[in-house]
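A.B. asks: Just dropping this structure here.
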Amino acid sequence: MRLSRYFLPILKETPKEAEIVSHRLMLRAGMLRQQSAGIYSWLPMGKKVLDKVGQIVREEQDRSGAIEIMMPTIQSADLWRESGRYDDYGKEMLRITDRHERDMLYGPTNEEMVTDIFRSYVRSYRDLPLNLYHIQWKFRDEVRPRFGVMRGREFLMKDAYSFDVDQEGARRAYNKMFVAYLRTFERLGLQAIPMKADSGPIGGDMTHEFIVLASTGESAVFLDKELLDTPVPGADTDFDADLSPIVTAWTSKYAATEEMHDEAAFAALPDERKVTARGIEVGHIFYFGTKYSEPMGAKVAGPDGTERPVHMGSYGIGVSRLVAGLIEASHDDAGIIWPDSVAPFDVGLVNLKVGDAATDAACEDLLAKLEAAGKDVLYDDTDGRAGAKFATMDLIGLPWQLIVGPKGLADGMVELKRRASGERETLSIESALARLT
Ligand SMILES: Nc1ncnc2c1ncn2[C@@H]1O[C@H](COS(=O)(=O)NC(=O)[C@@H](N)CS)[C@@H](O)[C@H]1O
C-alpha cells in the first residue's frame, strides 16, 4: 500500500480527552474516530488490526470445535420477556420500537436469541455437544463510557454458547473454551491470567475472567507469580481429550480480582510469589446451567427418552477492547509496538529521498518483492522529512521498518529496524529481503 494513496489521518497533538495511552495512541495513529460517546468509526489501520484480532479469535474457536454463526444486532423484546431479563437489564439496554410499534432492542448479548435458535432445531441428546459462536457488535448504554474502545457503548464481542445434556457435559464444554482462551491470548502476544469470578446465583466454580496485566487496567488483581510461567497448551491440543488437568494447572494457584480477593489466602503465599497488579478484563466465561433453557423450553430427550432442559454456558471475548488492550500492554514513548500476529502491516518501507531515481527504483523493487512474498507493506512514498517519516512509523508501530536512502544505496545497503527492540542494522538489499521473507 502506498502511503500517498492510503487514508492515515495521523494527529500531531495528543487529544486532550484521551485519558489512557491506548486511547491517545489510537487517535493519534489515525486508527479511530469518535462519532458519539462510546461509539467509534474504525479508520483503515484500526480496522485492519480489529480484523486480525477477530481472525485469531475465530481460528481458536474453530480449533476447539465451536461453530460460527452470525446473529443480528437488533433483537425482539419478546425473547427477553421469556427469560425475564427484559425488565432486569435496566438502562444499559437500548430499547427501540419499529414502525409497527413492536418492542425491539440493540442486543447487549445473545443468550436468549441463541437459545431460541437451539430450541427450534435440536431435540435429542445425540445432537449434543454443541457450541455456537459469532463475532458481532453489541450495545450497552454504559452510564460512563470512557478510555476509548476499552469501555465503549457499541463494541465488538465474540460470544459463544454451549449446549450439553448435563453439568458434566457442560464442564467439558467449559474446559474447551478455557483452553481456547489461553491459546487465543497467547497468539495475540498477551499474558492473560484466568481469575475466578463471581458465579452469582448459579454458584459453582465455573466462571473465570481472563485478565491482561496492564498498569491502566480498571481492576486491581492479585496472583501467584508462578502463574506467569504456566505453559499455554499447543496447537496440537486434543480438544476431545480430558482437558481438566490443564484447567487445574491454571486454577489451582492464587489469582483473584479485587471483588473475589481473599487476603488471608494471598498472605499465605511466600512474598516473592505475591503479585499485585492492575488488569484489563479481555474475556469472561460462565456456566449457567438451565437458567435460559428452563424458561425458554430448550430441552432434549435423553438416552432414556425423558426430556430435560440443556445445560449451557456462555463465553465472551472483547474483540474491540483487545485492540486497546494490546496497545496498553505493548507501547513505548514513541508509540504503538504491534505484535507480529496483529500488526496492520508487516513492514513499513521508508523512502528517504522521493524523486531520486535510484532510491525510487530500489523502493519499487523492494515493494514488489516483499508483496510477492506475501508481506503486507506500507510504503511511505511521500516527500516528507526523514525525521517525520521515522516518527510516523514509530507511532503506528509496524514490527519492521525498511529504510532506503541514496547514501546507503550507493553501497548497495539499506537499513532494517526492529520496532520492538529498536535494533537497527545496515545490510544488503538481498539480506534485508531474506530477513523479512
Ligand atoms: N463496554 C464494553 N466495551 C468493550 N468491551 C466490553 C464492554 N463490555 C464487555 N466487554 C468485553 O466483552 C467481554 C464479555 O462481556 S461479558 O459481559 O463479560 N460477558 C457476556 O456478555 C457473556 N454474555 C458472554 S457471551 C468482556 O470480558 C469484555 O472483554
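Order determines the names: the first chain of the C-alpha cells is A, the second B, and so forth; residues in each chain are numbered 1 upward, and ligands are numbered 1 upward as they are shown.
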Using DSSP secondary structure from the backbone, list all alpha helix (DSSP H) positions within segment 138-229 of chain A, as a list in words.

C.D. replies: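 In segment 138-229 of chain A, DSSP puts these residues in alpha helix (DSSP H): Gln167, Glu168, Gly169, Ala170, Arg171, Arg172, Ala173, Tyr174, Asn175, Lys176, Met177, Phe178, Val179, Ala180, Tyr181, Leu182, Arg183, Thr184, Phe185, Glu186 and Arg187 of chain A.
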
A.B. asks: Taking 3 positions as the minimum chain separation for residues in the same chain, which residues sit within 12 Å of segment 58-68 of chain A when counting only C-alpha atoms? Answer as a PyMOL selection string.

C.D. replies: chain A and resi 51-55+71+114+128-136+157-163+172-188+233-241+243+314-317+319

A.B. asks: Need the shell around segment 263-269 of chain A: protein/DNA/RNA residues with any atom at most 12 Å away, counting only C-alpha atoms. Skip same-chain ones fewer than 2 positions apart. Format as an mmCIF file with C-alpha atoms, in the first residue's frame?

C.D. replies:
data_model
loop_
_atom_site.group_PDB
_atom_site.id
_atom_site.type_symbol
_atom_site.label_atom_id
_atom_site.label_comp_id
_atom_site.auth_asym_id
_atom_site.auth_seq_id
_atom_site.Cartn_x
_atom_site.Cartn_y
_atom_site.Cartn_z
ATOM 1 C CA VAL A 221 -5.731 -8.087 40.694
ATOM 2 C CA PHE A 222 -3.750 -10.396 42.985
ATOM 3 C CA LEU A 223 -1.983 -13.517 41.784
ATOM 4 C CA ASP A 224 0.696 -16.130 42.387
ATOM 5 C CA LYS A 225 3.752 -15.262 40.269
ATOM 6 C CA GLU A 226 4.098 -18.923 39.228
ATOM 7 C CA LYS A 253 -2.750 -21.231 42.108
ATOM 8 C CA TYR A 254 -3.985 -17.991 43.643
ATOM 9 C CA ALA A 255 -5.456 -15.473 41.214
ATOM 10 C CA ALA A 256 -8.302 -13.102 42.050
ATOM 11 C CA THR A 257 -9.784 -9.784 41.048
ATOM 12 C CA GLU A 258 -10.497 -7.239 43.773
ATOM 13 C CA GLU A 259 -14.094 -8.431 44.170
ATOM 14 C CA MET A 260 -13.003 -12.035 44.805
ATOM 15 C CA HIS A 261 -9.787 -11.338 46.703
ATOM 16 C CA ASP A 271 6.414 -12.848 49.426
ATOM 17 C CA GLU A 272 8.408 -13.443 46.243
ATOM 18 C CA ARG A 273 5.338 -15.111 44.708
ATOM 19 C CA LYS A 274 2.848 -12.356 45.552
ATOM 20 C CA VAL A 275 1.980 -10.212 42.517
ATOM 21 C CA THR A 276 -0.349 -7.234 42.870
#

A.B. asks: Could you check the closest approach to Glu17 of chain A for each of A:Gly90, A:Pro72, A:Pro339, A:Gly148 and tell me which residue wins, using only C-alpha atoms?

C.D. replies: A:Gly148

A.B. asks: Enumerate the residues of segment 232-286 of chain A with a DSSP assignment of strand (DSSP E), computed from the backbone, and present them as a list in words.

C.D. replies: Ala255, Ala256, Thr257, Lys274, Val275, Thr276, Ala277, Arg278, Gly279, Ile280, Glu281, Val282, Gly283, His284, Ile285 and Phe286 of chain A

A.B. asks: Show me which residues line ligand 1, defined as having an atom within 10 Å of a ligand atom where only C-alpha atoms and all ligand atoms count, and present them as a PyMOL selection string.

C.D. replies: chain A and resi 38-39+92+107-112+133-134+137-162+208-211+280-286+313-322+324-325

A.B. asks: Would you put the residues from that selection into a file with C-alpha atoms, as a PDB file, in the first residue's frame?

C.D. replies:
ATOM      1  CA  GLY A  38     -18.612   5.350  23.345  1.00  0.00           C
ATOM      2  CA  ILE A  39     -19.321   4.928  19.625  1.00  0.00           C
ATOM      3  CA  GLU A  92     -27.881  -0.304  29.827  1.00  0.00           C
ATOM      4  CA  GLY A 107     -28.531  -6.699  21.750  1.00  0.00           C
ATOM      5  CA  PRO A 108     -26.082  -6.378  24.657  1.00  0.00           C
ATOM      6  CA  THR A 109     -25.579 -10.171  24.450  1.00  0.00           C
ATOM      7  CA  ASN A 110     -27.292 -13.122  22.802  1.00  0.00           C
ATOM      8  CA  GLU A 111     -28.176 -15.857  25.314  1.00  0.00           C
ATOM      9  CA  GLU A 112     -31.915 -15.610  24.593  1.00  0.00           C
ATOM     10  CA  TYR A 133     -20.493 -18.592  18.383  1.00  0.00           C
ATOM     11  CA  HIS A 134     -20.455 -15.338  16.494  1.00  0.00           C
ATOM     12  CA  TRP A 137     -21.398  -5.810  17.595  1.00  0.00           C
ATOM     13  CA  LYS A 138     -23.125  -5.274  20.932  1.00  0.00           C
ATOM     14  CA  PHE A 139     -24.660  -2.204  22.510  1.00  0.00           C
ATOM     15  CA  ARG A 140     -24.583  -1.408  26.213  1.00  0.00           C
ATOM     16  CA  ASP A 141     -25.633   2.101  27.181  1.00  0.00           C
ATOM     17  CA  GLU A 142     -22.827   2.427  29.761  1.00  0.00           C
ATOM     18  CA  VAL A 143     -23.518   5.302  32.084  1.00  0.00           C
ATOM     19  CA  ARG A 144     -19.910   6.483  31.658  1.00  0.00           C
ATOM     20  CA  PRO A 145     -18.241   5.184  28.523  1.00  0.00           C
ATOM     21  CA  ARG A 146     -14.530   6.077  28.732  1.00  0.00           C
ATOM     22  CA  PHE A 147     -10.991   5.139  27.763  1.00  0.00           C
ATOM     23  CA  GLY A 148     -11.933   4.968  24.083  1.00  0.00           C
ATOM     24  CA  VAL A 149     -12.872   1.483  22.909  1.00  0.00           C
ATOM     25  CA  MET A 150     -11.768  -0.016  26.227  1.00  0.00           C
ATOM     26  CA  ARG A 151     -15.224   0.740  27.608  1.00  0.00           C
ATOM     27  CA  GLY A 152     -17.422   1.627  24.642  1.00  0.00           C
ATOM     28  CA  ARG A 153     -21.169   1.613  24.159  1.00  0.00           C
ATOM     29  CA  GLU A 154     -21.097  -0.121  20.771  1.00  0.00           C
ATOM     30  CA  PHE A 155     -18.369  -2.757  20.841  1.00  0.00           C
ATOM     31  CA  LEU A 156     -17.327  -5.943  19.069  1.00  0.00           C
ATOM     32  CA  MET A 157     -17.604  -9.163  21.034  1.00  0.00           C
ATOM     33  CA  LYS A 158     -17.047 -12.824  20.281  1.00  0.00           C
ATOM     34  CA  ASP A 159     -19.754 -14.614  22.188  1.00  0.00           C
ATOM     35  CA  ALA A 160     -20.027 -18.387  22.204  1.00  0.00           C
ATOM     36  CA  TYR A 161     -22.760 -20.507  23.714  1.00  0.00           C
ATOM     37  CA  SER A 162     -22.506 -24.193  24.655  1.00  0.00           C
ATOM     38  CA  HIS A 208     -13.484 -17.107  35.103  1.00  0.00           C
ATOM     39  CA  GLU A 209     -12.414 -13.715  33.870  1.00  0.00           C
ATOM     40  CA  PHE A 210      -9.313 -13.560  31.661  1.00  0.00           C
ATOM     41  CA  ILE A 211      -7.255 -10.591  32.774  1.00  0.00           C
ATOM     42  CA  ILE A 280      -7.939  -5.457  31.848  1.00  0.00           C
ATOM     43  CA  GLU A 281     -10.740  -7.997  31.501  1.00  0.00           C
ATOM     44  CA  VAL A 282     -10.449  -9.275  27.929  1.00  0.00           C
ATOM     45  CA  GLY A 283     -12.636 -12.362  28.285  1.00  0.00           C
ATOM     46  CA  HIS A 284     -15.223 -13.823  30.605  1.00  0.00           C
ATOM     47  CA  ILE A 285     -16.607 -17.382  30.611  1.00  0.00           C
ATOM     48  CA  PHE A 286     -19.621 -18.618  32.551  1.00  0.00           C
ATOM     49  CA  GLY A 313     -22.509 -21.767  29.216  1.00  0.00           C
ATOM     50  CA  SER A 314     -21.562 -18.514  27.521  1.00  0.00           C
ATOM     51  CA  TYR A 315     -18.085 -17.337  26.652  1.00  0.00           C
ATOM     52  CA  GLY A 316     -17.253 -13.738  25.711  1.00  0.00           C
ATOM     53  CA  ILE A 317     -14.121 -12.062  24.367  1.00  0.00           C
ATOM     54  CA  GLY A 318     -13.901  -8.308  23.941  1.00  0.00           C
ATOM     55  CA  VAL A 319     -12.539  -8.143  20.367  1.00  0.00           C
ATOM     56  CA  SER A 320     -12.585  -4.341  20.070  1.00  0.00           C
ATOM     57  CA  ARG A 321     -11.380  -3.953  23.683  1.00  0.00           C
ATOM     58  CA  LEU A 322      -8.448  -6.225  22.803  1.00  0.00           C
ATOM     59  CA  ALA A 324      -6.820  -1.166  23.068  1.00  0.00           C
ATOM     60  CA  GLY A 325      -5.576  -3.835  25.492  1.00  0.00           C
TER      61      GLY A 325
END
